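Participant: Can you read through this structure? Questions will come right after.
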Amino acid sequence: MALQIENGRVAKIGAELEEVDLVITSEKSVLLDILELRRDPNEPYMFGELTIQGPEDHFMRLDYVMTVLCPV
Amino acid sequence: MTQPQKIPKLKAAGTVASGKKHAQRRPGVPALLAAGSGTAMASVCAIGLFHIEGLVGGMWSVAAVCIGGLICAVLARIFGKLSNVIPSGAGLLAFVSRGLNRRLGVALVSPYLLMMLFLVGFEALIVGALLSRLAPIPTPVGALLFLVGTWLVCRSGLQIGYRAQAFATWTLFLSLVGLSILAMFGAADRGELSTSLFTSAPSLPSFIAAVGQALFLFMGFELVTSHAEVATKKAVSTSLWGSVIVLTLFYGIVSLGFSCLMNLPAQGHGLYVPQLAIAEQAGGQGVTVIVALICILASFSSFNGALLALSRFTYALAVQGVLPRPLAKMDPRTLTARAALATLLGLSLAFTVLVYSLSLYEASIFSAAVAAALVYAVATLTAERPPFRAAEPIGVRRVASFALTLGLIALGIGVIADAGEDRISTLMLLACAYGAALYAAWRTGRPLKKAPVNVPATSLKKTMASPNS
């Protein structure tokens, strides 16, 4: 699944993108839990159930956004 | 109907010496090699090396370093495999959690990270001693300045870039190796070279303890795997064993230089900084100042990276409720976990006071060596479990891995057995580290799940239709 985000909003979903900034890999159930804000991404990340490929600052921004939307 | 939350606009985090905020090139083998070697080449390792030299002497210390290097070369292959399967910046915790389970991951990896933090206290005192050579500052004050200064840099979100790390690593390597070679030439001029290098054979328990302590010298080389998210798998694997080669060369030559040191301090002298001693002996006062500056820079670059990485680890554990929730806060502007950073600073200061007031110099090295041996044993075991290796009948490779696991545990026991008068304090430090880890593991439960936040589908559709609204 590909997401194109512009100015903090989802601009496109589903299509393959030519230039990829961040690749997040995990099982479908984990990704759904995260995207539906049932689960914080840090937890599967720390325990090896979710991996990322891309600049760290992109991931930190995405992590911050998810934490704001899915507060502890 | 709940309104969608407003997402704050986040600025890109800056990095020292990168020059580019958004586009980041993938680090290649040279950058990762410097990072991997530099992380392990802490000032405290020079003291560990000096201790090994004192324990077994001359060429025997080189042999202990080489055997430690050989073990780490095998471990480099293992870590490469672990990182290939799970290319995660979470490193050891991710590998062990996936291979064994989460609780074991926290219980077995956390002590290693805690001992790294404890060593920061020792490192800070060494930097304090180095600073006292440059300015009339007492060692504890210098230690405080180092810790607070590095914390302030981390708090602003700045992390040492690959080029700065490479500069720090290679200048440290060249300066100490160069001075060690000069010290050997000096010993040859005095006619003392052969007596310095070819000492009588140590006892087997002492040699085993020396090999166990040599593992401490390589501690941190495996953190190259934390770059798996920005580097290629091949670069990570190559840099792992490349770091081991660089470190073995470095410690082997510097150990020989330490063998040629004159005017050694009496026992109970307190903090002795052998890298300054060798600079004074082989180079003179001016060289001593330069070496002090290089060592401070190397310590700063190591601590900067370690503090930021540990703060994110602390933040992640706090988000899950394993650590107090107030630590689960991320600053949106700098993207740093400031509460976690402040807590780590407090812990570092406390550890510095402990090491200084109780003279826990040897105990901190011994306990770190034991923690390293045990975590490397766990990593070896993890590499034989799914998803890193498919279930298969027991063969030669599995037996060899199991033997390596037992060997590493034996080395850890050997370090404790040969700790002498520092055995009690070493065991107490380990008990505290593993006790805290067991408590954290107990609090690490099943995955936390919450009820989904009610974000209306209609607002999402509107956003997709007009992304500029």
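By convention here, the chains of the structure tokens are called A, B, ... in the order presented, each chain's residues are numbered starting at 1, and ligands are numbered starting at 1 in the order presented.
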Give me, as JSON lines, each residue of chain A that comes within 9 Å of chain B, together with its shortest interatomic pair and the distance in Å at one decimal, counting only C-alpha atoms, with rows ordered by chain and rising residue number.
Facilitator:
```
{"residue": "A:Ile5", "atom": "CA", "partner": "B:Pro467", "partner_atom": "CA", "distance": 8.9}
{"residue": "A:Glu6", "atom": "CA", "partner": "B:Pro467", "partner_atom": "CA", "distance": 7.3}
{"residue": "A:Asn7", "atom": "CA", "partner": "B:Asn468", "partner_atom": "CA", "distance": 7.9}
{"residue": "A:Gly8", "atom": "CA", "partner": "B:Ile7", "partner_atom": "CA", "distance": 7.1}
{"residue": "A:Arg9", "atom": "CA", "partner": "B:Pro467", "partner_atom": "CA", "distance": 6.5}
{"residue": "A:Val10", "atom": "CA", "partner": "B:Met464", "partner_atom": "CA", "distance": 6.2}
{"residue": "A:Ala11", "atom": "CA", "partner": "B:Met464", "partner_atom": "CA", "distance": 5.3}
{"residue": "A:Lys12", "atom": "CA", "partner": "B:Met464", "partner_atom": "CA", "distance": 6.6}
{"residue": "A:Ile13", "atom": "CA", "partner": "B:Met464", "partner_atom": "CA", "distance": 8.4}
{"residue": "A:Asp33", "atom": "CA", "partner": "B:Lys449", "partner_atom": "CA", "distance": 7.9}
{"residue": "A:Glu36", "atom": "CA", "partner": "B:Pro452", "partner_atom": "CA", "distance": 5.8}
{"residue": "A:Leu37", "atom": "CA", "partner": "B:Pro452", "partner_atom": "CA", "distance": 5.3}
{"residue": "A:Arg38", "atom": "CA", "partner": "B:Lys450", "partner_atom": "CA", "distance": 4.6}
{"residue": "A:Arg39", "atom": "CA", "partner": "B:Lys449", "partner_atom": "CA", "distance": 5.3}
{"residue": "A:Asp40", "atom": "CA", "partner": "B:Val319", "partner_atom": "CA", "distance": 7.9}
{"residue": "A:Asn42", "atom": "CA", "partner": "B:Ala316", "partner_atom": "CA", "distance": 5.6}
{"residue": "A:Glu43", "atom": "CA", "partner": "B:Gln320", "partner_atom": "CA", "distance": 6.7}
{"residue": "A:Pro44", "atom": "CA", "partner": "B:Pro447", "partner_atom": "CA", "distance": 8.1}
{"residue": "A:Tyr45", "atom": "CA", "partner": "B:Ala90", "partner_atom": "CA", "distance": 7.1}
{"residue": "A:Met46", "atom": "CA", "partner": "B:Ala90", "partner_atom": "CA", "distance": 5.4}
{"residue": "A:Phe47", "atom": "CA", "partner": "B:Ala94", "partner_atom": "CA", "distance": 4.3}
{"residue": "A:Gly48", "atom": "CA", "partner": "B:Ala94", "partner_atom": "CA", "distance": 4.0}
{"residue": "A:Glu49", "atom": "CA", "partner": "B:Arg98", "partner_atom": "CA", "distance": 7.4}
{"residue": "A:Leu50", "atom": "CA", "partner": "B:Ser88", "partner_atom": "CA", "distance": 7.9}
{"residue": "A:Thr51", "atom": "CA", "partner": "B:Ser88", "partner_atom": "CA", "distance": 5.4}
{"residue": "A:Ile52", "atom": "CA", "partner": "B:Glu229", "partner_atom": "CA", "distance": 5.9}
{"residue": "A:Gln53", "atom": "CA", "partner": "B:Glu229", "partner_atom": "CA", "distance": 4.4}
{"residue": "A:Gly54", "atom": "CA", "partner": "B:Val230", "partner_atom": "CA", "distance": 5.5}
{"residue": "A:Pro55", "atom": "CA", "partner": "B:Val230", "partner_atom": "CA", "distance": 6.1}
{"residue": "A:Glu56", "atom": "CA", "partner": "B:Val230", "partner_atom": "CA", "distance": 7.7}
{"residue": "A:Asp57", "atom": "CA", "partner": "B:Ala13", "partner_atom": "CA", "distance": 5.9}
{"residue": "A:His58", "atom": "CA", "partner": "B:Ala12", "partner_atom": "CA", "distance": 7.9}
{"residue": "A:Met60", "atom": "CA", "partner": "B:Leu335", "partner_atom": "CA", "distance": 6.4}
{"residue": "A:Arg61", "atom": "CA", "partner": "B:Leu10", "partner_atom": "CA", "distance": 6.7}
{"residue": "A:Tyr64", "atom": "CA", "partner": "B:Met330", "partner_atom": "CA", "distance": 6.9}
{"residue": "A:Val65", "atom": "CA", "partner": "B:Ile7", "partner_atom": "CA", "distance": 6.7}
{"residue": "A:Thr67", "atom": "CA", "partner": "B:Met330", "partner_atom": "CA", "distance": 8.8}
{"residue": "A:Val68", "atom": "CA", "partner": "B:Ile7", "partner_atom": "CA", "distance": 7.7}
{"residue": "A:Leu69", "atom": "CA", "partner": "B:Gln5", "partner_atom": "CA", "distance": 6.8}
{"residue": "A:Cys70", "atom": "CA", "partner": "B:Val453", "partner_atom": "CA", "distance": 7.3}
{"residue": "A:Pro71", "atom": "CA", "partner": "B:Val319", "partner_atom": "CA", "distance": 8.9}
{"residue": "A:Val72", "atom": "CA", "partner": "B:Val319", "partner_atom": "CA", "distance": 6.3}
```
Participant: Would you mind listing what lies within 10 Å of Ile71 in chain B as a PyMOL selection string, with only C-alpha atoms counted and same-chain residues fewer than 6 positions away left out?
Facilitator: chain B and resi 65+211+215+244+376+404+407-408
Participant: Residues as selected, N, CA and C atoms, written as a PDB file, in the first residue's frame, can you do that?
Facilitator:
```
ATOM      1  N   VAL B  65      43.446  -9.938  22.964  1.00  0.00           N
ATOM      2  CA  VAL B  65      42.697  -9.032  22.076  1.00  0.00           C
ATOM      3  C   VAL B  65      42.355  -9.745  20.767  1.00  0.00           C
ATOM      4  N   VAL B 211      40.601 -12.524  28.000  1.00  0.00           N
ATOM      5  CA  VAL B 211      39.801 -12.642  26.768  1.00  0.00           C
ATOM      6  C   VAL B 211      38.385 -12.120  27.020  1.00  0.00           C
ATOM      7  N   LEU B 215      36.369  -8.671  25.252  1.00  0.00           N
ATOM      8  CA  LEU B 215      35.038  -8.480  24.641  1.00  0.00           C
ATOM      9  C   LEU B 215      34.508  -7.085  24.948  1.00  0.00           C
ATOM     10  N   VAL B 244      35.401  -4.880  13.291  1.00  0.00           N
ATOM     11  CA  VAL B 244      36.138  -5.818  14.149  1.00  0.00           C
ATOM     12  C   VAL B 244      37.625  -5.822  13.764  1.00  0.00           C
ATOM     13  N   TYR B 376      25.875 -11.170  23.855  1.00  0.00           N
ATOM     14  CA  TYR B 376      26.386 -11.777  22.623  1.00  0.00           C
ATOM     15  C   TYR B 376      26.015 -13.267  22.582  1.00  0.00           C
ATOM     16  N   LEU B 404      29.568 -21.811  20.844  1.00  0.00           N
ATOM     17  CA  LEU B 404      29.949 -20.398  20.981  1.00  0.00           C
ATOM     18  C   LEU B 404      29.146 -19.740  22.099  1.00  0.00           C
ATOM     19  N   GLY B 407      30.603 -20.842  25.258  1.00  0.00           N
ATOM     20  CA  GLY B 407      31.918 -20.221  25.412  1.00  0.00           C
ATOM     21  C   GLY B 407      31.812 -18.785  25.896  1.00  0.00           C
ATOM     22  N   LEU B 408      30.860 -18.061  25.339  1.00  0.00           N
ATOM     23  CA  LEU B 408      30.680 -16.660  25.743  1.00  0.00           C
ATOM     24  C   LEU B 408      30.229 -16.570  27.198  1.00  0.00           C
TER      25      LEU B 408
END
```
Participant: Determine which residues of range 343-463 of chain B receive a DSSP assignment of helix (DSSP H, G or I), computed from the backbone, and state them as a ChimeraX atom specification.
Facilitator: /B:343-358,361-382,396-417,420-443,457-463
Participant: Near range 261-263 of chain B, counting only C-alpha atoms, which residues have an atom at most 8 Å away, once you skip same-chain residues fewer than 3 positions from it, shown as a ChimeraX atom specification?
Facilitator: /B:183,257-258,277-278,281
Participant: Kindly export the residues of the current selection with N, CA, C and O atoms, as an mmCIF file, in the first residue's frame.
Facilitator:
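Result saved to selection_15.cif:
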```
data_model
loop_
_atom_site.group_PDB
_atom_site.id
_atom_site.type_symbol
_atom_site.label_atom_id
_atom_site.label_comp_id
_atom_site.auth_asym_id
_atom_site.auth_seq_id
_atom_site.Cartn_x
_atom_site.Cartn_y
_atom_site.Cartn_z
ATOM 1 N N ALA B 183 56.324 4.683 21.236
ATOM 2 C CA ALA B 183 56.667 4.146 22.560
ATOM 3 C C ALA B 183 57.476 2.861 22.427
ATOM 4 O O ALA B 183 58.417 2.620 23.201
ATOM 5 N N GLY B 257 51.940 -0.680 22.881
ATOM 6 C CA GLY B 257 52.413 0.622 23.356
ATOM 7 C C GLY B 257 52.294 0.737 24.857
ATOM 8 O O GLY B 257 53.212 1.225 25.541
ATOM 9 N N PHE B 258 51.171 0.265 25.403
ATOM 10 C CA PHE B 258 50.980 0.307 26.855
ATOM 11 C C PHE B 258 52.014 -0.568 27.568
ATOM 12 O O PHE B 258 52.415 -0.288 28.699
ATOM 13 N N ALA B 277 49.244 9.149 29.360
ATOM 14 C CA ALA B 277 50.585 8.730 29.760
ATOM 15 C C ALA B 277 51.440 8.415 28.539
ATOM 16 O O ALA B 277 52.615 8.803 28.467
ATOM 17 N N ILE B 278 50.848 7.736 27.567
ATOM 18 C CA ILE B 278 51.627 7.365 26.390
ATOM 19 C C ILE B 278 51.908 8.595 25.535
ATOM 20 O O ILE B 278 52.966 8.695 24.886
ATOM 21 N N GLN B 281 54.814 10.334 27.268
ATOM 22 C CA GLN B 281 56.085 9.599 27.170
ATOM 23 C C GLN B 281 56.637 9.658 25.758
ATOM 24 O O GLN B 281 57.836 9.851 25.549
#
```
Participant: Counting only C-alpha atoms, which of B:Leu297, B:Val287, B:Met115, B:Leu134 gets nearest to Ala431 in chain B?
Facilitator: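 That would be B:Met115, the residue with the smallest distance to Ala431 in chain B.
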Participant: Any idea what's packed within 8 Å of Leu172 in chain B, counting only C-alpha atoms, ignoring anything in its chain fewer than 6 positions away? Could you give it as a list in words?
Facilitator: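 Answer for this query is Val291, Ile294, Cys295 and Ala298 of chain B.
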